[in-house]
$ cat my_file_6.txt   # compact mmCIF, C-alpha atoms and all ligand atoms
# COMPACT_ATOMS: atom_id res chain seq x y z
CA MET H 15 95.04 100.50 126.35
CA SER H 16 98.33 100.87 128.23
CA GLN H 17 101.12 103.41 128.30
CA ARG H 18 104.15 102.73 126.14
CA SER H 19 107.45 102.38 127.98
CA VAL H 20 109.69 102.56 124.90
CA PRO H 21 109.29 105.40 122.36
CA PHE H 22 108.55 104.39 118.77
CA GLY H 23 111.45 104.62 116.35
CA LYS H 24 115.00 103.34 116.71
CA SER H 25 114.83 102.38 120.41
CA PHE H 26 111.59 100.53 119.77
CA ARG H 27 113.24 98.68 116.90
CA GLU H 28 116.24 97.69 119.04
CA ILE H 29 114.09 96.32 121.82
CA HIS H 30 111.08 94.93 119.99
CA PHE H 31 112.22 94.08 116.46
CA LYS H 32 115.49 92.35 117.28
CA GLU H 33 115.28 90.02 114.29
CA LEU H 34 115.71 92.92 111.84
CA ASP H 35 119.23 93.11 110.44
CA PRO H 36 120.68 96.31 112.01
CA GLU H 37 122.09 97.34 108.60
CA TYR H 38 118.71 96.96 106.86
CA LEU H 39 116.76 100.17 106.16
CA ALA H 40 113.33 98.60 106.57
CA VAL H 41 111.06 101.02 104.66
CA ASN H 42 109.03 98.37 102.84
CA HIS H 43 106.79 97.03 105.59
CA GLY H 44 103.81 96.91 103.22
CA ALA H 45 105.35 94.06 101.24
CA TYR H 46 105.87 91.31 103.79
CA GLY H 47 105.24 92.89 107.18
CA MET H 48 107.48 92.27 110.17
CA THR H 49 106.92 90.50 113.45
CA PRO H 50 107.93 91.85 116.87
CA SER H 51 110.38 89.65 118.77
CA LEU H 52 107.80 88.76 121.43
CA VAL H 53 105.36 87.50 118.79
CA PHE H 54 108.12 85.66 116.95
CA LYS H 55 109.07 83.98 120.24
CA LYS H 56 105.50 82.79 120.63
CA PHE H 57 105.55 81.50 117.04
CA LYS H 58 108.64 79.39 117.77
CA GLU H 59 107.18 78.11 121.07
CA VAL H 60 104.03 76.97 119.28
CA MET H 61 106.14 75.13 116.71
CA GLU H 62 107.95 73.31 119.54
CA ASP H 63 104.68 72.58 121.31
CA ASP H 64 103.15 71.16 118.12
CA TYR H 65 106.21 69.07 117.25
CA SER H 66 106.51 67.71 120.78
CA ASN H 67 103.10 66.03 120.55
CA PRO H 68 101.22 66.61 117.29
CA ASP H 69 98.32 64.36 118.27
CA TYR H 70 97.54 66.44 121.31
CA PHE H 71 98.32 69.79 119.70
CA ARG H 72 96.24 69.24 116.58
CA ARG H 73 93.27 67.48 118.16
CA VAL H 74 92.99 69.31 121.49
CA GLU H 75 94.89 72.61 121.50
CA GLN H 76 94.38 73.79 117.91
CA PRO H 77 90.53 73.75 117.84
CA ALA H 78 90.38 75.70 121.13
CA ILE H 79 92.98 78.24 119.98
CA TYR H 80 91.12 78.66 116.69
CA VAL H 81 87.86 79.73 118.35
CA GLU H 82 89.53 81.86 121.03
CA THR H 83 91.51 83.66 118.32
CA LEU H 84 88.38 84.40 116.31
CA LYS H 85 86.75 85.80 119.45
CA GLU H 86 89.65 88.18 120.07
CA LEU H 87 89.84 89.23 116.42
CA SER H 88 86.11 89.86 116.38
CA THR H 89 86.62 92.68 118.87
CA VAL H 90 89.34 94.22 116.68
CA LEU H 91 87.15 94.07 113.55
CA ASN H 92 83.82 94.52 115.34
CA THR H 93 81.74 91.64 114.09
CA ASP H 94 80.37 88.35 115.40
CA TYR H 95 83.28 85.90 115.61
CA ARG H 96 81.16 83.36 113.75
CA ASN H 97 81.43 85.51 110.61
CA LEU H 98 85.20 85.00 110.58
CA ALA H 99 87.56 82.31 109.31
CA LEU H 100 91.33 82.07 109.53
CA VAL H 101 92.96 81.60 106.13
CA ASP H 102 96.58 81.55 104.98
CA ASN H 103 96.79 84.87 103.15
CA SER H 104 94.65 87.37 101.27
CA THR H 105 95.05 85.52 98.00
CA SER H 106 93.68 82.30 99.43
CA GLY H 107 90.81 84.23 101.07
CA ILE H 108 89.95 85.81 97.75
CA ASN H 109 90.16 82.47 95.95
CA THR H 110 88.05 80.84 98.67
CA VAL H 111 85.19 83.24 97.98
CA LEU H 112 85.48 83.70 94.24
CA ARG H 113 85.95 80.01 93.48
CA SER H 114 83.11 78.79 95.70
CA TYR H 115 80.44 81.44 95.23
CA PRO H 116 77.77 79.97 92.91
CA PHE H 117 78.29 82.35 89.98
CA LYS H 118 76.43 81.63 86.79
CA LYS H 119 77.79 81.91 83.28
CA GLY H 120 77.45 85.56 82.21
CA ASP H 121 77.66 86.99 85.75
CA LYS H 122 79.78 90.11 85.72
CA ILE H 123 82.60 90.98 88.17
CA VAL H 124 84.01 94.51 88.21
CA ALA H 125 87.29 95.59 89.73
CA PRO H 126 89.54 98.64 89.40
CA SER H 127 92.47 98.37 86.97
CA THR H 128 94.74 98.76 90.00
CA VAL H 129 93.47 95.53 91.60
CA PHE H 130 96.25 93.23 92.86
CA ASN H 131 97.57 90.93 90.12
CA ASN H 132 96.65 87.70 92.00
CA CYS H 133 93.04 88.91 92.19
CA GLU H 134 92.94 89.87 88.54
CA LYS H 135 94.26 86.44 87.56
CA THR H 136 91.64 84.74 89.74
CA ILE H 137 88.87 86.63 87.94
CA GLU H 138 90.49 85.78 84.59
CA PHE H 139 90.41 82.13 85.63
CA LEU H 140 86.67 82.38 86.39
CA GLN H 141 86.21 84.03 83.03
CA ASP H 142 88.08 81.25 81.18
CA ARG H 143 86.57 78.36 83.13
CA TYR H 144 82.99 79.45 83.87
CA GLY H 145 82.18 82.25 81.45
CA ILE H 146 82.17 85.01 84.07
CA ILE H 147 82.46 88.46 82.49
CA TYR H 148 85.26 90.63 83.84
CA GLU H 149 85.05 94.40 83.60
CA SER H 150 88.06 96.42 84.64
CA VAL H 151 87.57 100.05 85.62
CA GLU H 152 90.54 102.17 84.56
CA LEU H 153 91.89 104.30 87.42
CA ASN H 154 94.61 106.87 86.82
CA TYR H 155 95.71 108.57 90.01
CA PRO H 156 95.66 111.13 91.52
CA LEU H 157 91.88 110.86 91.82
CA GLU H 158 89.35 112.23 94.25
CA ASP H 159 87.18 109.62 96.02
CA SER H 160 84.12 111.22 94.42
CA GLU H 161 85.58 110.63 90.94
CA ILE H 162 86.21 106.95 91.69
CA LEU H 163 82.70 106.47 93.05
CA ALA H 164 81.21 108.20 90.00
CA LEU H 165 83.13 105.88 87.65
CA PHE H 166 81.79 102.83 89.48
CA GLU H 167 78.27 104.21 89.73
CA ASP H 168 78.18 104.56 85.93
CA ILE H 169 78.93 100.87 85.60
CA LEU H 170 76.81 99.54 88.45
CA GLN H 171 73.70 101.39 87.33
CA LYS H 172 73.61 99.35 84.13
CA GLY H 173 72.27 96.58 86.37
CA ASP H 174 74.32 93.61 85.14
CA VAL H 175 77.07 93.47 87.77
CA LYS H 176 77.05 90.58 90.25
CA LEU H 177 80.09 91.43 92.37
CA ALA H 178 82.57 94.28 92.80
CA LEU H 179 86.05 93.58 94.16
CA PHE H 180 88.06 96.52 95.47
CA ASP H 181 90.82 97.32 97.95
CA THR H 182 91.15 99.13 101.24
CA VAL H 183 94.61 100.35 100.27
CA ILE H 184 95.88 99.49 96.80
CA SER H 185 99.30 97.89 96.46
CA THR H 186 100.68 100.09 93.68
CA PRO H 187 100.03 102.91 93.83
CA ALA H 188 99.72 102.59 97.62
CA VAL H 189 96.61 104.75 98.01
CA ARG H 190 93.54 104.47 100.20
CA PHE H 191 90.47 103.42 98.24
CA PRO H 192 87.02 104.69 99.40
CA PHE H 193 85.97 101.16 100.35
CA GLU H 194 83.31 102.11 102.92
CA LYS H 195 81.44 104.25 100.39
CA MET H 196 81.94 101.62 97.68
CA VAL H 197 80.15 99.06 99.85
CA LYS H 198 77.18 101.44 100.24
CA LEU H 199 77.18 102.05 96.49
CA CYS H 200 77.15 98.29 95.84
CA GLN H 201 74.28 97.85 98.28
CA SER H 202 72.23 100.51 96.53
CA PHE H 203 72.50 98.49 93.29
CA SER H 204 72.17 95.03 94.95
CA VAL H 205 75.71 94.18 93.93
CA LEU H 206 77.85 91.91 96.12
CA SER H 207 80.81 93.77 97.65
CA PHE H 208 84.14 92.11 98.29
CA ILE H 209 86.85 94.13 100.04
CA ASP H 210 90.44 93.08 99.43
CA GLY H 211 91.80 94.43 102.69
CA ALA H 212 95.26 92.89 102.32
CA HIS H 213 96.48 96.23 103.70
CA SER H 214 93.93 96.93 106.42
CA ALA H 215 94.04 95.18 109.83
CA GLY H 216 96.60 97.17 111.81
CA LEU H 217 96.73 99.93 109.20
CA LEU H 218 93.15 101.26 109.14
CA PRO H 219 90.30 101.20 111.63
CA ILE H 220 87.90 98.49 110.44
CA ASP H 221 84.34 98.17 111.76
CA LEU H 222 82.71 95.36 109.81
CA ASP H 223 79.28 95.67 111.44
CA GLU H 224 79.27 99.30 110.39
CA ILE H 225 80.72 98.79 106.87
CA GLN H 226 78.62 95.68 106.14
CA PRO H 227 80.42 94.25 103.12
CA ASP H 228 79.44 90.84 101.78
CA PHE H 229 83.03 89.63 101.95
CA TYR H 230 86.27 91.02 103.34
CA VAL H 231 89.75 89.64 103.73
CA SER H 232 92.75 91.10 105.53
CA ASN H 233 96.28 89.90 105.85
CA LEU H 234 97.43 89.75 109.45
CA HIS H 235 101.04 89.17 108.43
CA LYS H 236 101.41 92.64 106.94
CA TRP H 237 100.29 95.45 109.24
CA PHE H 238 99.05 93.40 112.21
CA PHE H 239 102.49 91.97 113.10
CA VAL H 240 101.57 88.28 112.89
CA PRO H 241 104.23 85.98 111.39
CA ARG H 242 103.64 84.77 107.84
CA ASN H 243 101.30 83.35 106.86
CA SER H 244 98.15 84.66 108.40
CA ALA H 245 94.93 86.30 107.21
CA ILE H 246 91.32 86.69 108.26
CA LEU H 247 88.30 86.17 106.04
CA TYR H 248 84.90 87.70 106.81
CA VAL H 249 81.73 86.33 105.25
CA SER H 250 78.44 88.09 105.98
CA LYS H 251 75.84 85.87 107.63
CA LYS H 252 73.61 85.66 104.58
CA ASN H 253 76.49 84.25 102.51
CA HIS H 254 77.85 81.63 104.96
CA ARG H 255 76.35 78.69 103.14
CA LYS H 256 77.67 79.74 99.76
CA ILE H 257 81.33 79.75 100.74
CA HIS H 258 83.37 76.56 100.97
CA THR H 259 86.92 75.92 102.02
CA MET H 260 89.79 75.84 99.58
CA PRO H 261 90.79 73.04 99.29
CA ILE H 262 87.54 71.19 99.85
CA VAL H 263 88.00 68.94 102.89
CA SER H 264 85.98 66.51 105.00
CA SER H 265 84.02 69.35 106.62
CA TYR H 266 82.26 70.00 103.30
CA VAL H 267 78.46 69.86 103.25
CA GLY H 268 76.30 71.05 100.37
CA ASP H 269 74.70 74.52 100.36
CA GLU H 270 71.21 73.14 100.99
CA THR H 271 72.01 70.58 103.70
CA GLU H 272 69.68 70.79 106.70
CA VAL H 273 71.47 71.35 110.01
CA SER H 274 70.48 72.22 113.59
CA ALA H 275 70.19 75.87 114.65
CA GLU H 276 73.46 75.59 116.57
CA GLU H 277 75.25 74.12 113.57
CA GLU H 278 73.84 76.87 111.41
CA ASN H 279 75.34 79.46 113.75
CA ASN H 280 78.72 77.73 113.70
CA TRP H 281 78.65 77.11 109.96
CA LEU H 282 81.93 78.82 109.14
CA ILE H 283 83.81 77.56 112.19
CA ASP H 284 82.77 73.96 111.51
CA ARG H 285 83.93 74.27 107.92
CA PHE H 286 87.14 76.33 108.30
CA ALA H 287 88.68 75.29 111.66
CA ASP H 288 90.70 72.45 110.17
CA VAL H 289 91.39 72.82 106.47
CA SER H 290 93.79 69.88 106.10
CA THR H 291 97.22 69.51 107.67
CA LYS H 292 99.21 72.70 107.82
CA ASN H 293 101.39 74.76 110.10
CA PHE H 294 99.23 76.49 112.71
CA ALA H 295 102.02 78.41 114.50
CA ALA H 296 101.29 81.77 112.85
CA ALA H 297 97.56 81.50 113.59
CA ALA H 298 98.37 80.58 117.18
CA SER H 299 100.46 83.77 117.51
CA ILE H 300 97.62 86.15 116.60
CA ARG H 301 96.51 86.68 120.20
CA THR H 302 100.09 87.52 121.20
CA ALA H 303 100.18 90.11 118.41
CA ILE H 304 96.92 91.63 119.69
CA LYS H 305 98.38 91.79 123.22
CA PHE H 306 101.64 93.28 121.96
CA ARG H 307 99.78 95.98 120.06
CA GLN H 308 97.82 96.90 123.16
CA GLU H 309 100.43 96.56 125.86
CA GLN H 310 103.70 97.51 124.17
CA CYS H 311 102.37 99.91 121.53
CA GLY H 312 99.56 101.61 123.44
CA GLY H 313 96.78 100.41 121.13
CA GLU H 314 95.72 100.73 117.51
CA GLU H 315 95.28 104.50 117.48
CA SER H 316 98.68 105.12 118.95
CA ILE H 317 100.28 102.95 116.24
CA ARG H 318 98.31 104.63 113.46
CA ASN H 319 99.04 108.13 114.69
CA TYR H 320 102.77 107.50 114.70
CA CYS H 321 102.85 105.76 111.31
CA TYR H 322 100.60 108.26 109.51
CA ASP H 323 102.45 111.21 110.93
CA LEU H 324 105.81 109.73 109.98
CA ALA H 325 104.51 108.93 106.48
CA ARG H 326 103.43 112.57 105.99
CA LYS H 327 106.78 113.92 107.17
CA ALA H 328 108.79 111.34 105.23
CA SER H 329 106.82 111.93 102.03
CA GLU H 330 107.63 115.66 102.26
CA LEU H 331 111.27 114.90 102.94
CA VAL H 332 111.67 112.51 100.00
CA SER H 333 109.71 114.63 97.54
CA ASN H 334 111.76 117.71 98.50
CA LYS H 335 115.00 115.82 98.04
CA TRP H 336 113.91 114.36 94.72
CA GLY H 337 112.28 117.61 93.57
CA THR H 338 109.09 115.77 92.65
CA SER H 339 105.63 115.30 94.08
CA VAL H 340 103.86 112.89 96.39
CA LEU H 341 100.90 111.09 94.87
CA GLU H 342 98.02 112.84 96.63
CA ASN H 343 94.59 114.29 95.78
CA GLU H 344 92.97 117.62 96.75
CA VAL H 345 91.45 116.36 99.99
CA ARG H 346 94.58 114.35 100.86
CA SER H 347 92.72 111.09 101.34
CA LEU H 348 95.24 108.84 99.56
CA THR H 349 98.18 108.58 101.95
CA THR H 350 98.04 106.28 104.96
CA ALA H 351 101.22 104.77 106.38
CA MET H 352 102.35 104.13 102.81
CA PHE H 353 103.23 106.86 100.36
CA ASN H 354 104.36 107.15 96.76
CA VAL H 355 106.89 109.69 95.52
CA GLU H 356 107.57 110.33 91.86
CA VAL H 357 111.08 109.38 90.77
CA PRO H 358 112.89 112.40 89.18
CA LEU H 359 113.39 110.80 85.78
CA GLU H 360 113.21 113.99 83.76
CA GLN H 361 115.69 115.85 85.97
CA LEU H 362 118.15 113.01 85.37
CA GLY H 363 117.63 112.95 81.62
CA LEU H 364 115.68 109.68 81.81
CA ASN H 365 112.22 108.61 80.71
CA VAL H 366 109.76 105.81 81.47
CA ASP H 367 111.25 103.58 78.75
CA ASP H 368 114.70 103.93 80.33
CA TYR H 369 113.16 102.81 83.60
CA LYS H 370 111.51 99.80 81.93
CA GLU H 371 114.78 98.84 80.31
CA ASN H 372 116.63 99.03 83.63
CA ALA H 373 113.96 97.87 86.08
CA ASN H 374 115.54 94.45 86.62
CA GLU H 375 118.96 95.94 87.18
CA LEU H 376 117.54 98.43 89.67
CA TYR H 377 115.96 95.65 91.73
CA PHE H 378 119.02 93.47 91.41
CA SER H 379 121.16 96.33 92.75
CA MET H 380 118.80 96.91 95.66
CA HIS H 381 118.68 93.24 96.59
CA LYS H 382 122.39 92.78 96.12
CA GLY H 383 123.15 95.72 98.41
CA LYS H 384 120.76 94.18 101.01
CA ARG H 385 120.34 97.62 102.59
CA VAL H 386 117.06 98.80 101.19
CA VAL H 387 114.21 97.83 98.90
CA VAL H 388 111.84 100.50 97.62
CA PRO H 389 109.22 99.05 95.27
CA LEU H 390 109.25 101.01 92.01
CA PHE H 391 106.31 101.03 89.62
CA ILE H 392 104.81 102.85 86.67
CA HIS H 393 101.46 104.53 87.13
CA ASN H 394 99.81 107.04 84.84
CA ASN H 395 103.04 107.41 82.83
CA LYS H 396 105.17 108.20 85.84
CA VAL H 397 107.57 106.10 87.85
CA TYR H 398 107.05 106.10 91.60
CA GLY H 399 108.83 104.73 94.62
CA ARG H 400 106.62 103.30 97.38
CA PHE H 401 107.64 103.72 101.01
CA SER H 402 106.05 102.35 104.19
CA ALA H 403 106.16 103.87 107.66
CA GLN H 404 106.15 101.65 110.72
CA ILE H 405 106.65 102.08 114.46
CA TYR H 406 110.29 100.96 114.17
CA ASN H 407 111.09 103.71 111.62
CA GLU H 408 112.38 107.26 112.00
CA LEU H 409 112.65 110.06 109.49
CA ASP H 410 116.33 109.47 108.70
CA ASP H 411 115.50 105.95 107.39
CA TYR H 412 113.77 107.69 104.46
CA ASP H 413 116.59 110.17 104.08
CA LYS H 414 119.08 107.33 103.61
CA ALA H 415 116.78 105.05 101.62
CA SER H 416 115.83 107.77 99.13
CA ASP H 417 119.53 108.64 98.65
CA ILE H 418 120.36 105.04 97.80
CA VAL H 419 117.50 104.80 95.30
CA TYR H 420 118.40 108.17 93.78
CA GLN H 421 122.01 107.04 93.31
CA LEU H 422 120.84 103.95 91.44
CA PHE H 423 118.97 106.19 89.01
CA VAL H 424 122.04 108.43 88.69
CA ASN H 425 124.00 105.34 87.65
CA ILE H 426 121.39 104.51 85.01
CA ALA H 427 121.54 108.11 83.74
CA ARG H 428 125.34 107.92 83.54
CA LYS H 429 125.16 104.68 81.62
CA LYS H 430 122.66 106.23 79.20
CA ALA H 431 124.85 109.30 78.70
CA GLN H 432 127.88 107.12 77.98
CA LYS H 433 125.90 105.13 75.42
CA GLN H 434 124.81 108.32 73.66
CA PHE H 435 128.29 109.78 73.67
C1 LIG I 501 96.13 94.79 97.64
C2 LIG I 501 96.70 93.42 97.80
N1 LIG I 501 95.89 92.37 97.66
C3 LIG I 501 96.34 91.11 97.82
C4 LIG I 501 97.66 90.86 98.12
C5 LIG I 501 98.13 89.45 98.27
O1 LIG I 501 98.54 89.18 99.58
P1 LIG I 501 99.15 87.76 99.89
O2 LIG I 501 100.39 87.61 99.08
O3 LIG I 501 99.42 87.79 101.35
O4 LIG I 501 98.12 86.76 99.52
C6 LIG I 501 98.54 91.93 98.27
C7 LIG I 501 99.97 91.69 98.59
O5 LIG I 501 100.77 92.57 98.75
C8 LIG I 501 98.05 93.25 98.10
O6 LIG I 501 98.86 94.31 98.21
$ encode --input "my_file_6.txt" --output "structure tokens" --more "lines below"
Ligand SMILES: Cc1ncc(COP(=O)(O)O)c(C=O)c1O
Amino acid sequence: MSQRSVPFGKSFREIHFKELDPEYLAVNHGAYGMTPSLVFKKFKEVMEDDYSNPDYFRRVEQPAIYVETLKELSTVLNTDYRNLALVDNSTSGINTVLRSYPFKKGDKIVAPSTVFNNCEKTIEFLQDRYGIIYESVELNYPLEDSEILALFEDILQKGDVKLALFDTVISTPAVRFPFEKMVKLCQSFSVLSFIDGAHSAGLLPIDLDEIQPDFYVSNLHKWFFVPRNSAILYVSKKNHRKIHTMPIVSSYVGDETEVSAEEENNWLIDRFADVSTKNFAAAASIRTAIKFRQEQCGGEESIRNYCYDLARKASELVSNKWGTSVLENEVRSLTTAMFNVEVPLEQLGLNVDDYKENANELYFSMHKGKRVVVPLFIHNNKVYGRFSAQIYNELDDYDKASDIVYQLFVNIARKKAQKQF
């Protein structure tokens, strides 16, 4: 770990996130991530390298970069690099596992009701196509971790669940899920555990050898600063042979095929290193992102400390301004570098139906203004705004962003009052 020369916040943004529009209040990092200029430069160089001689790049450079990248990522996630595979994004990682695991008709998959919509649709597809049974566990936050685990225990102890899919940090509401304890719970009932860690690498400390899930995926293009699109899939050793690439390509061999001991060890790499022709520039920038995080940011802990601390302060600021509360539980385990603040509907003479009616207009106004986007969502009969904290942010970003969002709701309230008049 090295010392940082530039303090986090506005100066860091000016020097290291030059691509960001200076007028843009970037408080929505959790949606699409952002890439530091140094990593983006690498991304463009790789594109030029590839396009200058694709035969050489794809046949000689790419396979070597692939393995070296897995080796470096394995130290970040603490697991054998041969348990890892680079994939395009979390959704494709989740589809890779769920659509190749040899489920049988009647196998049950459970997931919280807050699971990301792409994941839910993938399970619905398995249900429609293969007769998988999907059980959704209703979660209404704020909840204590112990309450969530008890809800799942009730279901798992019935003995008919094959796999549980759950998040590290949920998208909406953006709350930390007790994924480490959920894996242990799954193990105690011999249920396969699959962690959707779309929001994890770069946001949370992840030790896969310690957590021991069956499957895990993390985006690298969100919190790890890699350009889109980039994600990492982990498959535990005992499941290597059950997971095939998506799409199926020439590296396919059947689950039972006999191979040498060395090939067995390299099973995932041999399958996933070249999944048809695609742009490899983001994958080839991962090592630069790792270096940037260590050398320019002072390491993972330093990044987390800044972002979590800023999120706490900013959540207090916004909730005080809006006169509402932050979505938190008693032990305050929900907030990471993302936080959710209730929108003051009641104070403005609005209700959830008014929000639903005007949701499109609200987003249109935000996008049209091009200054700020705060994802808004309904959870447990309340409307929340989701904010992200990143090393290029400072407290006044949230001050300004929350004012803009508040004003949009004031406009809706005015419109409603005029209609009633
Ligand atoms: C919890 C969660 N899972 C999965 C995804 C899908 O990620 P991607 O669009 O990169 O596949 C997201 C995206 O925001 C997410 O928040």
$ residues_around --input "my_file_6.txt" --residues "region 207-211 of chain H" --least-positions-apart "4" --cutoff "6 Å" --atoms "only C-alpha atoms" --output "VMD selection string"
chain H and resid 177 to 182 197 227 to 232
$ write_last_selection --input "my_file_6.txt" --atoms "C-alpha atoms" --output "short mmCIF file (atom, residue, chain, number, x, y, z; two decimals), in the frame of the given file"
data_model
loop_
_atom_site.label_atom_id
_atom_site.label_comp_id
_atom_site.auth_asym_id
_atom_site.auth_seq_id
_atom_site.Cartn_x
_atom_site.Cartn_y
_atom_site.Cartn_z
CA LEU H 177 80.09 91.43 92.37
CA ALA H 178 82.57 94.28 92.80
CA LEU H 179 86.05 93.58 94.16
CA PHE H 180 88.06 96.52 95.47
CA ASP H 181 90.82 97.32 97.95
CA THR H 182 91.15 99.13 101.24
CA VAL H 197 80.15 99.06 99.85
CA PRO H 227 80.42 94.25 103.12
CA ASP H 228 79.44 90.84 101.78
CA PHE H 229 83.03 89.63 101.95
CA TYR H 230 86.27 91.02 103.34
CA VAL H 231 89.75 89.64 103.73
CA SER H 232 92.75 91.10 105.53
#
$ closest_atom_pairs --input "my_file_6.txt" --of "region 224-309 of chain H" --to "region 51-66 of chain H" --cutoff "8 Å" --atoms "all atoms listed in the file" --output "Markdown table"
| residue | atom | partner | partner_atom | distance |
| --- | --- | --- | --- | --- |
| H:Phe239 | CA | H:Val53 | CA | 7.8 |
| H:Val240 | CA | H:Val53 | CA | 7.1 |
| H:Pro241 | CA | H:Phe54 | CA | 6.8 |
| H:Ala295 | CA | H:Phe57 | CA | 5.3 |
| H:Ala296 | CA | H:Phe57 | CA | 6.0 |
| H:Ala298 | CA | H:Val60 | CA | 7.0 |
| H:Ser299 | CA | H:Phe57 | CA | 5.6 |
| H:Thr302 | CA | H:Val53 | CA | 5.8 |
| H:Ala303 | CA | H:Val53 | CA | 5.8 |
| H:Phe306 | CA | H:Val53 | CA | 7.6 |
$ residues_near_ligand --input "my_file_6.txt" --ligand "ligand LIG 501 (chain I)" --cutoff "6 Å" --atoms "all atoms listed in the file" --output "list in words"
Ala45, Asn103, Ser104, Thr105, Phe130, Asp181, Ile184, Ser185, Asp210, Ala212 and Asn233 of chain H
$ write_last_selection --input "my_file_6.txt" --atoms "C-alpha atoms" --output "short mmCIF file (atom, residue, chain, number, x, y, z; two decimals), in the coordinates of the input"
data_model
loop_
_atom_site.label_atom_id
_atom_site.label_comp_id
_atom_site.auth_asym_id
_atom_site.auth_seq_id
_atom_site.Cartn_x
_atom_site.Cartn_y
_atom_site.Cartn_z
CA ALA H 45 105.35 94.06 101.24
CA ASN H 103 96.79 84.87 103.15
CA SER H 104 94.65 87.37 101.27
CA THR H 105 95.05 85.52 98.00
CA PHE H 130 96.25 93.23 92.86
CA ASP H 181 90.82 97.32 97.95
CA ILE H 184 95.88 99.49 96.80
CA SER H 185 99.30 97.89 96.46
CA ASP H 210 90.44 93.08 99.43
CA ALA H 212 95.26 92.89 102.32
CA ASN H 233 96.28 89.90 105.85
#
$ residues_around --input "my_file_6.txt" --residues "Glu270 (chain H)" --least-positions-apart "4" --cutoff "12 Å" --atoms "all atoms listed in the file" --output "ChimeraX atom specification"
/H:254-256,266,278
$ atom_distance --input "my_file_6.txt" --atom1 "CA of Val267 (chain H)" --atom2 "CA of Tyr248 (chain H)"
19.3 Å
$ atom_distance --input "my_file_6.txt" --atom1 "CA of Asp269 (chain H)" --atom2 "CA of Lys118 (chain H)"
15.4 Å
$ atom_distance --input "my_file_6.txt" --atom1 "CA of Gly216 (chain H)" --atom2 "CA of Trp237 (chain H)"
4.8 Å
$ closest_residue --input "my_file_6.txt" --among "H:Thr93, H:Val273, H:Val388, H:Arg242" --to "Asp221 (chain H)" --atoms "all atoms listed in the file"
H:Thr93
$ residues_near_point --input "my_file_6.txt" --point "(81.1, 102.5, 85.6)" --cutoff "12 Å" --atoms "all atoms listed in the file" --output "number ranges by chain"
H: 123-126, 149-153, 161-175, 178, 199-200
$ closest_residue --input "my_file_6.txt" --among "H:Phe378, H:Phe286, H:Tyr322, H:Tyr155" --to "Leu341 (chain H)" --atoms "all atoms listed in the file"
H:Tyr155
$ residues_around --input "my_file_6.txt" --residues "region 17-28 of chain H" --least-positions-apart "6" --cutoff "7 Å" --atoms "all atoms listed in the file" --output "PyMOL selection string"
chain H and resi 310-312+405-408
$ write_last_selection --input "my_file_6.txt" --atoms "C-alpha atoms" --output "compact mmCIF listing (two decimals), in the frame of the given file"
# COMPACT_ATOMS: atom_id res chain seq x y z
CA GLN H 310 103.70 97.51 124.17
CA CYS H 311 102.37 99.91 121.53
CA GLY H 312 99.56 101.61 123.44
CA ILE H 405 106.65 102.08 114.46
CA TYR H 406 110.29 100.96 114.17
CA ASN H 407 111.09 103.71 111.62
CA GLU H 408 112.38 107.26 112.00
$ closest_residue --input "my_file_6.txt" --among "H:Lys370, H:Lys305, H:Arg113, H:Lys195" --to "Gln141 (chain H)" --atoms "all atoms listed in the file"
H:Arg113
$ closest_residue --input "my_file_6.txt" --among "H:Pro389, H:Pro192, H:Pro219, H:Pro36" --to "Phe401 (chain H)" --atoms "only C-alpha atoms"
H:Pro389
$ residues_around --input "my_file_6.txt" --residues "Leu362 (chain H)" --least-positions-apart "5" --cutoff "12 Å" --atoms "only C-alpha atoms" --output "list of chain:residue names"
H:Trp336, H:Gly337, H:Thr338, H:Val357, H:Asp368, H:Tyr369, H:Tyr420, H:Gln421, H:Leu422, H:Phe423, H:Val424, H:Asn425, H:Ile426, H:Ala427, H:Arg428, H:Lys429, H:Lys430, H:Ala431
$ closest_residue --input "my_file_6.txt" --among "H:Glu33, H:Thr83, H:Lys433, H:Gly145" --to "Phe117 (chain H)" --atoms "all atoms listed in the file"
H:Gly145
$ residues_around --input "my_file_6.txt" --residues "Val366 (chain H)" --least-positions-apart "5" --cutoff "12 Å" --atoms "only C-alpha atoms" --output "number ranges by chain"
H: 356-360, 371-373, 390-398, 423
$ decode --input "my_file_6.txt" --residues "region 339-355 of chain H" --atoms "C-alpha atoms" --output "PDB file, in the first residue's frame"
ATOM      1  CA  SER H 339     -35.059   9.139   7.751  1.00  0.00           C
ATOM      2  CA  VAL H 340     -32.230   7.066   6.343  1.00  0.00           C
ATOM      3  CA  LEU H 341     -33.065   3.422   5.735  1.00  0.00           C
ATOM      4  CA  GLU H 342     -31.121   1.766   8.553  1.00  0.00           C
ATOM      5  CA  ASN H 343     -31.615  -0.978  11.161  1.00  0.00           C
ATOM      6  CA  GLU H 344     -30.834  -1.054  14.900  1.00  0.00           C
ATOM      7  CA  VAL H 345     -27.267  -2.298  14.507  1.00  0.00           C
ATOM      8  CA  ARG H 346     -26.639  -0.030  11.500  1.00  0.00           C
ATOM      9  CA  SER H 347     -25.487  -2.832   9.237  1.00  0.00           C
ATOM     10  CA  LEU H 348     -27.338  -1.695   6.100  1.00  0.00           C
ATOM     11  CA  THR H 349     -25.400   1.328   4.862  1.00  0.00           C
ATOM     12  CA  THR H 350     -22.146   0.907   2.965  1.00  0.00           C
ATOM     13  CA  ALA H 351     -21.042   3.508   0.434  1.00  0.00           C
ATOM     14  CA  MET H 352     -24.638   3.641  -0.795  1.00  0.00           C
ATOM     15  CA  PHE H 353     -27.504   5.001   1.244  1.00  0.00           C
ATOM     16  CA  ASN H 354     -31.239   5.468   0.881  1.00  0.00           C
ATOM     17  CA  VAL H 355     -33.145   8.488   2.176  1.00  0.00           C
TER      18      VAL H 355
END
